[in-house]
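Source file: model39.pdb. Holds: PDB, C-alpha atoms.
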ATOM      1  CA  MET A   1      11.566  14.729 119.905
ATOM      2  CA  SER A   2      14.231  15.951 117.530
ATOM      3  CA  SER A   3      14.952  19.626 117.226
ATOM      4  CA  PRO A   4      13.987  21.591 114.081
ATOM      5  CA  HIS A   5      17.667  21.863 113.259
ATOM      6  CA  ASN A   6      18.189  18.082 113.375
ATOM      7  CA  SER A   7      15.095  17.572 111.235
ATOM      8  CA  GLU A   8      16.420  19.932 108.545
ATOM      9  CA  VAL A   9      19.789  18.159 108.533
ATOM     10  CA  THR A  10      18.098  14.791 108.105
ATOM     11  CA  GLN A  11      15.975  16.019 105.193
ATOM     12  CA  GLU A  12      19.013  17.513 103.458
ATOM     13  CA  ARG A  13      20.931  14.252 103.870
ATOM     14  CA  ARG A  14      18.043  12.282 102.365
ATOM     15  CA  LYS A  15      17.924  14.627  99.359
ATOM     16  CA  LYS A  16      21.631  14.089  98.699
ATOM     17  CA  GLU A  17      21.239  10.318  98.995
ATOM     18  CA  ALA A  18      18.323  10.385  96.560
ATOM     19  CA  ILE A  19      20.381  12.385  94.059
ATOM     20  CA  GLN A  20      23.295   9.960  94.391
ATOM     21  CA  ILE A  21      21.031   6.950  93.881
ATOM     22  CA  THR A  22      19.404   8.512  90.801
ATOM     23  CA  THR A  23      22.736   9.521  89.288
ATOM     24  CA  GLY A  24      24.352   6.191  89.958
ATOM     25  CA  SER A  25      21.519   4.243  88.385
ATOM     26  CA  ARG A  26      21.696   6.140  85.021
ATOM     27  CA  LYS A  27      23.194   3.814  82.413
ATOM     28  CA  LYS A  28      25.796   4.940  79.946
ATOM     29  CA  ARG A  29      24.501   5.005  76.350
ATOM     30  CA  SER A  30      25.602   1.984  74.341
ATOM     31  CA  ASP A  31      26.582   4.214  71.385
ATOM     32  CA  ALA A  32      28.635   6.647  73.463
ATOM     33  CA  GLY A  33      31.779   7.632  71.564
ATOM     34  CA  ILE A  34      30.479   6.187  68.275
ATOM     35  CA  VAL A  35      29.978   8.505  65.288
ATOM     36  CA  LEU A  36      26.435   8.002  64.032
ATOM     37  CA  CYS A  37      25.492   8.757  60.431
ATOM     38  CA  ASN A  38      22.650  11.229  59.992
ATOM     39  CA  ASP A  39      20.636  12.163  56.894
ATOM     40  CA  ARG A  40      22.928  15.043  55.957
ATOM     41  CA  ASP A  41      25.998  12.823  56.298
ATOM     42  CA  GLU A  42      24.468  10.209  54.026
ATOM     43  CA  GLN A  43      23.476  12.725  51.375
ATOM     44  CA  ALA A  44      26.845  14.494  51.351
ATOM     45  CA  LEU A  45      29.017  11.374  51.525
ATOM     46  CA  THR A  46      27.065   9.705  48.715
ATOM     47  CA  TRP A  47      27.478  12.863  46.613
ATOM     48  CA  ILE A  48      31.234  12.890  47.247
ATOM     49  CA  GLY A  49      31.540   9.202  46.421
ATOM     50  CA  GLN A  50      29.706   9.684  43.141
ATOM     51  CA  GLN A  51      31.929  12.618  42.171
ATOM     52  CA  TYR A  52      35.223  11.007  43.320
ATOM     53  CA  ALA A  53      36.068  13.886  45.704
ATOM     54  CA  ILE A  54      35.214  17.438  46.746
ATOM     55  CA  ARG A  55      37.186  20.506  47.785
ATOM     56  CA  LEU A  56      36.371  22.205  51.083
ATOM     57  CA  ASP A  57      34.930  25.357  49.485
ATOM     58  CA  HIS A  58      32.425  23.269  47.537
ATOM     59  CA  LEU A  59      31.696  21.142  50.596
ATOM     60  CA  GLN A  60      30.491  24.294  52.365
ATOM     61  CA  TRP A  61      27.809  24.669  49.686
ATOM     62  CA  LEU A  62      26.965  20.975  49.578
ATOM     63  CA  LEU A  63      26.408  20.824  53.342
ATOM     64  CA  GLY A  64      24.507  24.105  53.153
ATOM     65  CA  SER A  65      21.704  22.377  51.261
ATOM     66  CA  GLN A  66      20.787  20.820  54.626
ATOM     67  CA  PRO A  67      22.142  23.252  57.240
ATOM     68  CA  GLY A  68      22.353  22.084  60.829
ATOM     69  CA  ARG A  69      21.158  23.800  63.979
ATOM     70  CA  GLY A  70      22.404  27.335  64.399
ATOM     71  CA  ALA A  71      23.291  27.783  60.713
ATOM     72  CA  GLN A  72      23.726  31.463  59.885
ATOM     73  CA  HIS A  73      23.352  31.203  56.097
ATOM     74  CA  GLU A  74      20.661  29.821  53.846
ATOM     75  CA  ALA A  75      22.650  27.980  51.160
ATOM     76  CA  TRP A  76      26.086  27.377  52.661
ATOM     77  CA  ILE A  77      27.822  26.811  55.962
ATOM     78  CA  SER A  78      30.951  28.452  57.327
ATOM     79  CA  GLU A  79      34.402  27.024  56.722
ATOM     80  CA  GLY A  80      34.741  26.231  60.425
ATOM     81  CA  ALA A  81      31.464  24.311  60.443
ATOM     82  CA  ALA A  82      32.499  22.346  57.345
ATOM     83  CA  ARG A  83      35.861  21.515  58.919
ATOM     84  CA  ALA A  84      34.065  20.242  62.027
ATOM     85  CA  VAL A  85      31.964  17.906  59.881
ATOM     86  CA  VAL A  86      35.075  16.599  58.108
ATOM     87  CA  THR A  87      36.782  16.022  61.471
ATOM     88  CA  ARG A  88      33.815  13.938  62.613
ATOM     89  CA  TRP A  89      33.838  11.947  59.363
ATOM     90  CA  LYS A  90      37.566  11.323  59.696
ATOM     91  CA  SER A  91      37.151  10.076  63.265
ATOM     92  CA  ALA A  92      34.629   7.556  61.941
ATOM     93  CA  GLY A  93      37.080   6.450  59.240
ATOM     94  CA  TRP A  94      34.735   7.438  56.417
ATOM     95  CA  VAL A  95      36.920   9.993  54.637
ATOM     96  CA  GLN A  96      40.451  11.125  54.024
ATOM     97  CA  ALA A  97      41.268  14.819  53.712
ATOM     98  CA  GLU A  98      44.474  16.386  52.408
ATOM     99  CA  ARG A  99      45.662  19.717  51.041
ATOM    100  CA  ILE A 100      47.078  18.952  47.591
ATOM    101  CA  ARG A 101      47.907  22.404  46.212
ATOM    102  CA  ALA A 102      49.424  25.263  48.170
ATOM    103  CA  LYS A 103      47.078  28.135  49.033
ATOM    104  CA  GLU A 104      44.008  26.071  48.132
ATOM    105  CA  PRO A 105      41.463  24.379  50.422
ATOM    106  CA  PHE A 106      41.920  20.703  51.174
ATOM    107  CA  TRP A 107      40.186  17.899  49.289
ATOM    108  CA  VAL A 108      37.960  15.232  50.823
ATOM    109  CA  TRP A 109      37.316  11.740  49.451
ATOM    110  CA  LEU A 110      35.812   8.529  50.778
ATOM    111  CA  THR A 111      37.878   5.700  52.190
ATOM    112  CA  HIS A 112      37.077   2.060  51.535
ATOM    113  CA  ARG A 113      35.120   2.068  54.780
ATOM    114  CA  GLY A 114      33.212   5.179  53.753
ATOM    115  CA  LEU A 115      32.299   3.746  50.355
ATOM    116  CA  ARG A 116      31.015   0.548  51.959
ATOM    117  CA  LYS A 117      29.107   2.555  54.569
ATOM    118  CA  MET A 118      27.278   4.415  51.791
ATOM    119  CA  GLY A 119      26.728   1.235  49.774
ATOM    120  CA  LEU A 120      28.752   2.532  46.821
ATOM    121  CA  PRO A 121      30.397  -0.063  44.539
ATOM    122  CA  TYR A 122      33.549   1.934  43.800
ATOM    123  CA  THR A 123      37.227   1.402  44.494
ATOM    124  CA  SER A 124      38.844   3.664  47.070
ATOM    125  CA  ASN A 125      41.913   5.501  45.809
ATOM    126  CA  ASP A 126      44.298   8.103  47.162
ATOM    127  CA  LEU A 127      43.625  11.510  45.628
ATOM    128  CA  GLU A 128      47.117  12.730  46.532
ATOM    129  CA  HIS A 129      48.505  10.923  43.476
ATOM    130  CA  THR A 130      46.086  12.631  41.095
ATOM    131  CA  ASP A 131      47.106  14.687  38.079
ATOM    132  CA  LEU A 132      46.657  18.393  38.914
ATOM    133  CA  ASP A 133      44.891  19.133  35.617
ATOM    134  CA  ALA A 134      42.407  16.399  36.464
ATOM    135  CA  LEU A 135      41.791  18.037  39.839
ATOM    136  CA  ARG A 136      41.022  21.350  38.148
ATOM    137  CA  HIS A 137      38.669  19.505  35.819
ATOM    138  CA  LEU A 138      36.953  17.769  38.723
ATOM    139  CA  HIS A 139      36.603  21.059  40.589
ATOM    140  CA  ALA A 140      34.851  22.495  37.522
ATOM    141  CA  ILE A 141      32.482  19.530  37.238
ATOM    142  CA  ASN A 142      31.607  19.782  40.930
ATOM    143  CA  ALA A 143      30.892  23.504  40.537
ATOM    144  CA  ILE A 144      28.627  22.776  37.574
ATOM    145  CA  ARG A 145      26.717  20.071  39.443
ATOM    146  CA  LEU A 146      26.261  22.231  42.534
ATOM    147  CA  GLN A 147      24.968  25.208  40.565
ATOM    148  CA  LEU A 148      22.690  23.356  38.149
ATOM    149  CA  THR A 149      21.058  21.220  40.827
ATOM    150  CA  HIS A 150      20.599  24.308  43.013
ATOM    151  CA  GLU A 151      19.004  26.317  40.207
ATOM    152  CA  GLN A 152      16.746  23.560  38.888
ATOM    153  CA  GLU A 153      14.828  21.616  41.499
ATOM    154  CA  GLY A 154      13.755  18.087  40.710
ATOM    155  CA  ILE A 155      16.522  17.229  38.249
ATOM    156  CA  ARG A 156      18.633  14.124  38.743
ATOM    157  CA  TRP A 157      22.390  14.196  38.187
ATOM    158  CA  ILE A 158      24.221  11.079  36.999
ATOM    159  CA  SER A 159      27.967  11.375  37.527
ATOM    160  CA  GLU A 160      30.721  10.111  35.271
ATOM    161  CA  ARG A 161      31.650   7.593  37.956
ATOM    162  CA  GLN A 162      28.105   6.233  37.901
ATOM    163  CA  LEU A 163      28.191   6.056  34.103
ATOM    164  CA  LEU A 164      31.490   4.178  34.232
ATOM    165  CA  SER A 165      30.116   1.614  36.657
ATOM    166  CA  ARG A 166      27.500   0.586  34.070
ATOM    167  CA  ILE A 167      30.043  -0.239  31.377
ATOM    168  CA  VAL A 168      30.895  -3.877  30.732
ATOM    169  CA  ARG A 169      34.442  -3.832  29.407
ATOM    170  CA  ARG A 170      35.621  -6.299  26.807
ATOM    171  CA  LYS A 171      39.199  -6.716  25.697
ATOM    172  CA  GLY A 172      39.938  -4.737  22.550
ATOM    173  CA  GLN A 173      36.613  -2.906  22.672
ATOM    174  CA  THR A 174      36.530   0.792  21.776
ATOM    175  CA  LEU A 175      34.587   2.713  24.389
ATOM    176  CA  LEU A 176      32.100   5.428  23.523
ATOM    177  CA  HIS A 177      33.076   8.898  24.704
ATOM    178  CA  ARG A 178      31.526   9.511  28.107
ATOM    179  CA  SER A 179      30.115  12.820  29.200
ATOM    180  CA  ASP A 180      31.316  14.330  32.476
ATOM    181  CA  GLY A 181      27.798  13.991  33.820
ATOM    182  CA  GLU A 182      24.154  13.830  32.831
ATOM    183  CA  ILE A 183      21.077  15.778  33.879
ATOM    184  CA  HIS A 184      17.807  13.847  33.825
ATOM    185  CA  TYR A 185      14.529  15.753  33.823
ATOM    186  CA  SER A 186      11.195  14.393  34.995
ATOM    187  CA  ASP A 187       9.807  14.572  31.442
ATOM    188  CA  GLY A 188      12.499  12.171  30.215
ATOM    189  CA  ASP A 189      14.873  14.694  28.628
ATOM    190  CA  ILE A 190      18.578  14.015  29.177
ATOM    191  CA  ILE A 191      21.338  16.621  28.926
ATOM    192  CA  ALA A 192      24.991  15.615  28.571
ATOM    193  CA  ILE A 193      27.383  17.835  30.527
ATOM    194  CA  GLU A 194      30.931  18.469  29.316
ATOM    195  CA  ALA A 195      33.507  20.558  31.176
ATOM    196  CA  GLU A 196      36.142  21.629  28.638
ATOM    197  CA  ILE A 197      38.591  23.512  30.818
ATOM    198  CA  SER A 198      41.581  23.155  28.497
ATOM    199  CA  SER A 199      41.889  22.831  24.732
ATOM    200  CA  LYS A 200      42.190  19.499  22.993
ATOM    201  CA  GLY A 201      42.942  18.795  19.343
ATOM    202  CA  PRO A 202      40.166  19.877  16.941
ATOM    203  CA  PHE A 203      39.814  16.396  15.439
ATOM    204  CA  LYS A 204      39.501  14.771  18.859
ATOM    205  CA  LEU A 205      36.933  17.373  19.888
ATOM    206  CA  ALA A 206      34.993  16.806  16.654
ATOM    207  CA  GLU A 207      34.917  13.063  17.265
ATOM    208  CA  ASN A 208      33.714  13.572  20.833
ATOM    209  CA  LEU A 209      30.897  15.759  19.508
ATOM    210  CA  MET A 210      29.927  13.164  16.910
ATOM    211  CA  GLU A 211      29.817  10.374  19.492
ATOM    212  CA  LEU A 212      27.767  12.458  21.917
ATOM    213  CA  LEU A 213      25.302  13.407  19.173
ATOM    214  CA  ARG A 214      24.969  10.047  17.412
ATOM    215  CA  GLY A 215      25.869   7.531  20.085
ATOM    216  CA  LYS A 216      26.846   3.883  19.833
ATOM    217  CA  GLU A 217      25.907   3.449  16.180
ATOM    218  CA  TYR A 218      28.380   6.124  15.154
ATOM    219  CA  LEU A 219      31.115   4.382  17.139
ATOM    220  CA  ARG A 220      30.243   1.018  15.567
ATOM    221  CA  LEU A 221      30.384   2.453  12.059
ATOM    222  CA  LYS A 222      33.654   4.224  12.815
ATOM    223  CA  ASP A 223      35.216   0.971  14.014
ATOM    224  CA  GLU A 224      34.076  -0.804  10.845
ATOM    225  CA  TYR A 225      34.553   1.837   8.151
ATOM    226  CA  GLY A 226      36.602   4.680   9.624
ATOM    227  CA  TRP A 227      35.575   8.140  10.742
ATOM    228  CA  GLN A 228      34.990   9.593   7.251
ATOM    229  CA  GLN A 229      32.482   6.952   6.200
ATOM    230  CA  ALA A 230      30.940   6.891   9.665
ATOM    231  CA  ARG A 231      30.107  10.596   9.519
ATOM    232  CA  MET A 232      28.158  10.058   6.292
ATOM    233  CA  MET A 233      26.571   6.713   7.154
ATOM    234  CA  SER A 234      25.372   7.718  10.637
ATOM    235  CA  GLN A 235      23.297  10.753   9.678
ATOM    236  CA  SER A 236      20.025   9.042  10.600
ATOM    237  CA  TYR A 237      21.234   8.053  14.067
ATOM    238  CA  GLU A 238      20.757  10.004  17.261
ATOM    239  CA  SER A 239      22.074   9.491  20.785
ATOM    240  CA  GLU A 240      19.924   9.545  23.908
ATOM    241  CA  TYR A 241      20.884  13.165  24.591
ATOM    242  CA  ASP A 242      18.416  15.929  23.837
ATOM    243  CA  GLN A 243      21.227  18.463  24.223
ATOM    244  CA  ILE A 244      24.943  18.557  24.984
ATOM    245  CA  TRP A 245      26.104  21.470  27.146
ATOM    246  CA  TYR A 246      29.763  22.434  26.855
ATOM    247  CA  PHE A 247      31.060  24.569  29.729
ATOM    248  CA  ALA A 248      34.336  26.234  28.802
ATOM    249  CA  PRO A 249      36.497  29.334  29.316
ATOM    250  CA  LYS A 250      36.584  31.895  26.522
ATOM    251  CA  LYS A 251      39.540  30.483  24.574
ATOM    252  CA  VAL A 252      38.156  26.950  24.600
ATOM    253  CA  ARG A 253      34.648  28.158  23.729
ATOM    254  CA  ARG A 254      36.074  29.668  20.560
ATOM    255  CA  LEU A 255      37.476  26.272  19.581
ATOM    256  CA  VAL A 256      34.138  24.544  20.216
ATOM    257  CA  TYR A 257      32.372  27.188  18.109
ATOM    258  CA  ASN A 258      34.907  26.647  15.302
ATOM    259  CA  VAL A 259      34.552  22.872  15.309
ATOM    260  CA  ARG A 260      30.752  23.021  15.430
ATOM    261  CA  ALA A 261      30.636  25.478  12.517
ATOM    262  CA  LYS A 262      33.010  23.426  10.371
ATOM    263  CA  LEU A 263      31.141  20.172  10.978
ATOM    264  CA  VAL A 264      28.008  21.884   9.663
ATOM    265  CA  SER A 265      29.765  23.574   6.739
ATOM    266  CA  VAL A 266      31.164  20.299   5.362
ATOM    267  CA  GLY A 267      27.874  18.464   5.839
ATOM    268  CA  ASP A 268      28.948  16.179   8.678
ATOM    269  CA  LEU A 269      26.241  17.717  10.892
ATOM    270  CA  ASP A 270      22.927  19.255   9.961
ATOM    271  CA  SER A 271      21.560  22.417  11.545
ATOM    272  CA  ALA A 272      19.204  20.498  13.863
ATOM    273  CA  GLU A 273      22.118  18.527  15.294
ATOM    274  CA  ALA A 274      24.144  21.701  15.736
ATOM    275  CA  GLU A 275      21.251  23.205  17.710
ATOM    276  CA  ARG A 276      21.658  20.410  20.249
ATOM    277  CA  LEU A 277      25.222  21.581  20.989
ATOM    278  CA  VAL A 278      24.996  24.435  23.491
ATOM    279  CA  VAL A 279      28.149  26.267  24.591
ATOM    280  CA  ARG A 280      28.134  27.828  28.060
ATOM    281  CA  TRP A 281      30.562  29.826  30.145
ATOM    282  CA  TYR A 282      33.065  28.625  32.683
ATOM    283  CA  PRO A 283      33.570  30.072  35.239
ATOM    284  CA  LEU A 284      29.811  29.841  35.554
ATOM    285  CA  THR A 285      27.485  32.775  35.029
ATOM    286  CA  GLN A 286      26.276  34.368  38.258
ATOM    287  CA  THR A 287      23.992  37.230  37.213
ATOM    288  CA  ASP A 288      21.078  37.719  34.821
ATOM    289  CA  GLU A 289      23.289  40.006  32.745
ATOM    290  CA  GLU A 290      25.958  37.316  32.391
ATOM    291  CA  ILE A 291      23.340  34.716  31.436
ATOM    292  CA  GLU A 292      22.060  37.032  28.706
ATOM    293  CA  GLN A 293      25.605  37.613  27.435
ATOM    294  CA  GLU A 294      26.254  33.860  27.449
ATOM    295  CA  GLU A 295      23.171  33.151  25.339
ATOM    296  CA  GLN A 296      23.922  36.019  22.964
ATOM    297  CA  GLU A 297      27.488  34.824  22.428
ATOM    298  CA  ASP A 298      26.274  31.346  21.449
ATOM    299  CA  ARG A 299      23.631  32.757  19.086
ATOM    300  CA  GLU A 300      26.143  35.026  17.369
ATOM    301  CA  ALA A 301      28.662  32.202  17.029
ATOM    302  CA  ARG A 302      26.095  30.109  15.154
ATOM    303  CA  ARG A 303      25.884  32.705  12.379
ATOM    304  CA  ASP A 304      29.455  34.024  12.378
ATOM    305  CA  PRO A 305      31.057  33.220   8.977
ATOM    306  CA  ALA A 306      34.488  34.203  10.294
ATOM    307  CA  LEU A 307      34.549  30.956  12.276
ATOM    308  CA  LEU A 308      34.889  29.026   9.030
ATOM    309  CA  ASP A 309      38.101  30.889   8.207
ATOM    310  CA  ALA A 310      39.820  29.823  11.413
ATOM    311  CA  PRO A 311      42.814  27.493  10.905
ATOM    312  CA  VAL A 312      41.109  24.528  12.555
ATOM    313  CA  SER A 313      41.068  21.051  11.014
ATOM    314  CA  ILE A 314      38.340  18.597  11.957
ATOM    315  CA  GLU A 315      39.994  15.807   9.969
ATOM    316  CA  ASP A 316      42.491  13.254  11.186
ATOM    317  CA  ASP A 317      45.892  14.117   9.736
ATOM    318  CA  ASP A 318      47.042  10.501  10.263
ATOM    319  CA  ARG A 319      49.605  11.513  12.825
ATOM    320  CA  SER A 320      49.450   9.681  16.113
ATOM    321  CA  LEU A 321      46.780  11.216  18.301
ATOM    322  CA  VAL A 322      47.393  11.778  21.961
ATOM    323  CA  ILE A 323      44.257  10.424  23.561
ATOM    324  CA  VAL A 324      43.736  12.229  26.822
ATOM    325  CA  ALA A 325      41.829  10.044  29.278
ATOM    326  CA  ARG A 326      38.817  11.510  30.997
ATOM    327  CA  VAL A 327      38.657  12.393  34.676
ATOM    328  CA  GLY A 328      38.108   8.836  35.838
ATOM    329  CA  HIS A 329      41.379   7.542  34.411
ATOM    330  CA  LEU A 330      43.412  10.636  35.225
ATOM    331  CA  LEU A 331      42.175  10.595  38.781
ATOM    332  CA  PHE A 332      42.668   6.979  39.642
ATOM    333  CA  GLY A 333      44.441   5.262  36.766
ATOM    334  CA  SER A 334      43.666   1.731  35.729
ATOM    335  CA  SER A 335      42.212   0.849  39.130
ATOM    336  CA  LEU A 336      39.003   2.561  38.038
ATOM    337  CA  ALA A 337      38.459  -0.189  35.501
ATOM    338  CA  ARG A 338      37.804  -2.562  38.387
ATOM    339  CA  GLU A 339      34.854  -0.563  39.694
TER     340      GLU A 339
END
Starting from the coordinates I provided, produce the structure as structure tokens.
Amino acid sequence: MSSPHNSEVTQERRKKEAIQITTGSRKKRSDAGIVLCNDRDEQALTWIGQQYAIRLDHLQWLLGSQPGRGAQHEAWISEGAARAVVTRWKSAGWVQAERIRAKEPFWVWLTHRGLRKMGLPYTSNDLEHTDLDALRHLHAINAIRLQLTHEQEGIRWISERQLLSRIVRRKGQTLLHRSDGEIHYSDGDIIAIEAEISSKGPFKLAENLMELLRGKEYLRLKDEYGWQQARMMSQSYESEYDQIWYFAPKKVRRLVYNVRAKLVSVGDLDSAEAERLVVRWYPLTQTDEEIEQEEQEDREARRDPALLDAPVSIEDDDRSLVIVARVGHLLFGSSLARE
């Protein structure tokens, strides 16, 4: 008969053997070391692909719409948490991230692999070669999309890149001015979004307004008869947009007010069309007081006769116009035409 001590030793040895057998039989997961795409990844990467790119500070808010475990904030995640997500995306080959301007957060954009992973039909391009003014413009558009979609649940945003992908280009064809984005409401209303961060020539701005208000028929008439005849002949036409929202800093807002007022004063627009042009602040309003001031400023501008005295011409002076391409071309050049 074995002693109690020997019996205890035997039992302990059997326990260790059982543990070793169990541990040794556990198979390694087949996806070990592979970055798997979750719902938040898909939502955020698709958003970035649609918008061309995003800066880290905005990515914190975008990812905050679906915070992960342990999130400390309701609508945004910390910079460290956002960086960790970007690191994981980079390891999967889905994104590229680079700091483009000193003392500013880095930008993130999808690689060819990332675009294919998300099923997006766009061309991958290197954001490092982008015009800096275009980056500021894109940052403004991203801010507008983030805020509007956060404030108004249920709306659908269509990006400029999505709008571009629908265009069938023909050689020699004049393209209709594109908005920087669209908001679609469930009742069918569509709002065109314009981010006017820097001033453009008054005539060019006036033509953009006319095309946004009257659509393809205005462009057709302009191609056939010129802008003067087109403004008169297109008065019965209306674009698909119920409103056009112009987001602009104070100096640029003044120009938009001037151009809108002069188009009405010379009869190129009627008052109902002018009502569809809404001018809003950029940087964006953050408080109820600022929203009230924004609305009051637009109302007062509509009835301010001093605007008509401003030295602003809404007519083509026949000098060569510098046509500034929109974000899509400035960001990625002619390669965007292949998307």
Nearby residues, (31.2, 20.0, 58.3) file frame, 10 Å, only C-alpha atoms, as a ChimeraX atom specification: /A:40-41,44,56,59-60,62-64,67-68,77-89
Give as an mmCIF file with C-alpha atoms, in the frame of the given file the residues that the PyMOL selection byres ((chain A and resi 269) around 12) matches when applied to the coordinates above.
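Writing the result to part16.cif gives the following:
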data_model
loop_
_atom_site.group_PDB
_atom_site.id
_atom_site.type_symbol
_atom_site.label_atom_id
_atom_site.label_comp_id
_atom_site.auth_asym_id
_atom_site.auth_seq_id
_atom_site.Cartn_x
_atom_site.Cartn_y
_atom_site.Cartn_z
ATOM 1 C CA ALA A 206 34.993 16.806 16.654
ATOM 2 C CA GLU A 207 34.917 13.063 17.265
ATOM 3 C CA LEU A 209 30.897 15.759 19.508
ATOM 4 C CA MET A 210 29.927 13.164 16.910
ATOM 5 C CA GLU A 211 29.817 10.374 19.492
ATOM 6 C CA LEU A 213 25.302 13.407 19.173
ATOM 7 C CA ARG A 214 24.969 10.047 17.412
ATOM 8 C CA ALA A 230 30.940 6.891 9.665
ATOM 9 C CA ARG A 231 30.107 10.596 9.519
ATOM 10 C CA MET A 232 28.158 10.058 6.292
ATOM 11 C CA MET A 233 26.571 6.713 7.154
ATOM 12 C CA SER A 234 25.372 7.718 10.637
ATOM 13 C CA GLN A 235 23.297 10.753 9.678
ATOM 14 C CA SER A 236 20.025 9.042 10.600
ATOM 15 C CA TYR A 237 21.234 8.053 14.067
ATOM 16 C CA GLU A 238 20.757 10.004 17.261
ATOM 17 C CA VAL A 259 34.552 22.872 15.309
ATOM 18 C CA ARG A 260 30.752 23.021 15.430
ATOM 19 C CA ALA A 261 30.636 25.478 12.517
ATOM 20 C CA LYS A 262 33.010 23.426 10.371
ATOM 21 C CA LEU A 263 31.141 20.172 10.978
ATOM 22 C CA VAL A 264 28.008 21.884 9.663
ATOM 23 C CA SER A 265 29.765 23.574 6.739
ATOM 24 C CA VAL A 266 31.164 20.299 5.362
ATOM 25 C CA GLY A 267 27.874 18.464 5.839
ATOM 26 C CA ASP A 268 28.948 16.179 8.678
ATOM 27 C CA ASP A 270 22.927 19.255 9.961
ATOM 28 C CA SER A 271 21.560 22.417 11.545
ATOM 29 C CA ALA A 272 19.204 20.498 13.863
ATOM 30 C CA GLU A 273 22.118 18.527 15.294
ATOM 31 C CA ALA A 274 24.144 21.701 15.736
ATOM 32 C CA GLU A 275 21.251 23.205 17.710
ATOM 33 C CA ARG A 276 21.658 20.410 20.249
ATOM 34 C CA LEU A 277 25.222 21.581 20.989
#
Answer as a compact mmCIF listing (two decimals) with C-alpha atoms, keeping the file's coordinate frame, residues within 12 Å of (39.9, 23.4, 16.0) using all atoms listed in the file:
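Saved result, result_36.txt, follows:
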# COMPACT_ATOMS: atom_id res chain seq x y z
CA SER A 199 41.89 22.83 24.73
CA LYS A 200 42.19 19.50 22.99
CA GLY A 201 42.94 18.80 19.34
CA PRO A 202 40.17 19.88 16.94
CA PHE A 203 39.81 16.40 15.44
CA LYS A 204 39.50 14.77 18.86
CA LEU A 205 36.93 17.37 19.89
CA ALA A 206 34.99 16.81 16.65
CA GLU A 207 34.92 13.06 17.26
CA LYS A 251 39.54 30.48 24.57
CA VAL A 252 38.16 26.95 24.60
CA ARG A 253 34.65 28.16 23.73
CA ARG A 254 36.07 29.67 20.56
CA LEU A 255 37.48 26.27 19.58
CA VAL A 256 34.14 24.54 20.22
CA TYR A 257 32.37 27.19 18.11
CA ASN A 258 34.91 26.65 15.30
CA VAL A 259 34.55 22.87 15.31
CA ARG A 260 30.75 23.02 15.43
CA ALA A 261 30.64 25.48 12.52
CA LYS A 262 33.01 23.43 10.37
CA LEU A 263 31.14 20.17 10.98
CA LEU A 307 34.55 30.96 12.28
CA LEU A 308 34.89 29.03 9.03
CA ASP A 309 38.10 30.89 8.21
CA ALA A 310 39.82 29.82 11.41
CA PRO A 311 42.81 27.49 10.90
CA VAL A 312 41.11 24.53 12.56
CA SER A 313 41.07 21.05 11.01
CA ILE A 314 38.34 18.60 11.96
CA GLU A 315 39.99 15.81 9.97
CA ASP A 316 42.49 13.25 11.19
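Nearest to Trp109 of chain A of all the residues A:Leu138, A:Ile48, A:Leu175, A:Ile190 is A:Ile48, counting only C-alpha atoms.
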Pairwise distance for atom CA of Leu127 of chain A and atom CA of Gln96 of chain A, rounded to one decimal in Å: 9.0 Å
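Taking atom CA of Leu148 of chain A and atom CA of Pro105 of chain A as endpoints, the distance between them is 22.5 Å.
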Å distance separating atom CA of Thr285 of chain A from atom CA of Pro249 of chain A, one decimal place: 11.2 Å
Residues returned when the PyMOL selection byres ((chain A and resi 280) around 12) runs on this file, as a PyMOL selection string: chain A and resi 144+193-197+244-250+252-254+256-257+277-279+281-285+290-299+301
Answer key for the PyMOL selection byres ((chain A and resi 49-55) around 7), residues as a list in words: Leu45, Thr46, Trp47, Ile48, Leu56, Asp57, His58, Leu59, Pro105, Phe106, Trp107, Val108, Trp109, Leu110, Leu115, Ser159, Arg161 and Gln162 of chain A
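Distances from A:Arg166, A:Arg116, A:Arg136, A:Arg156 to Arg101 of chain A were compared using only C-alpha atoms, and the smallest one belongs to A:Arg136.
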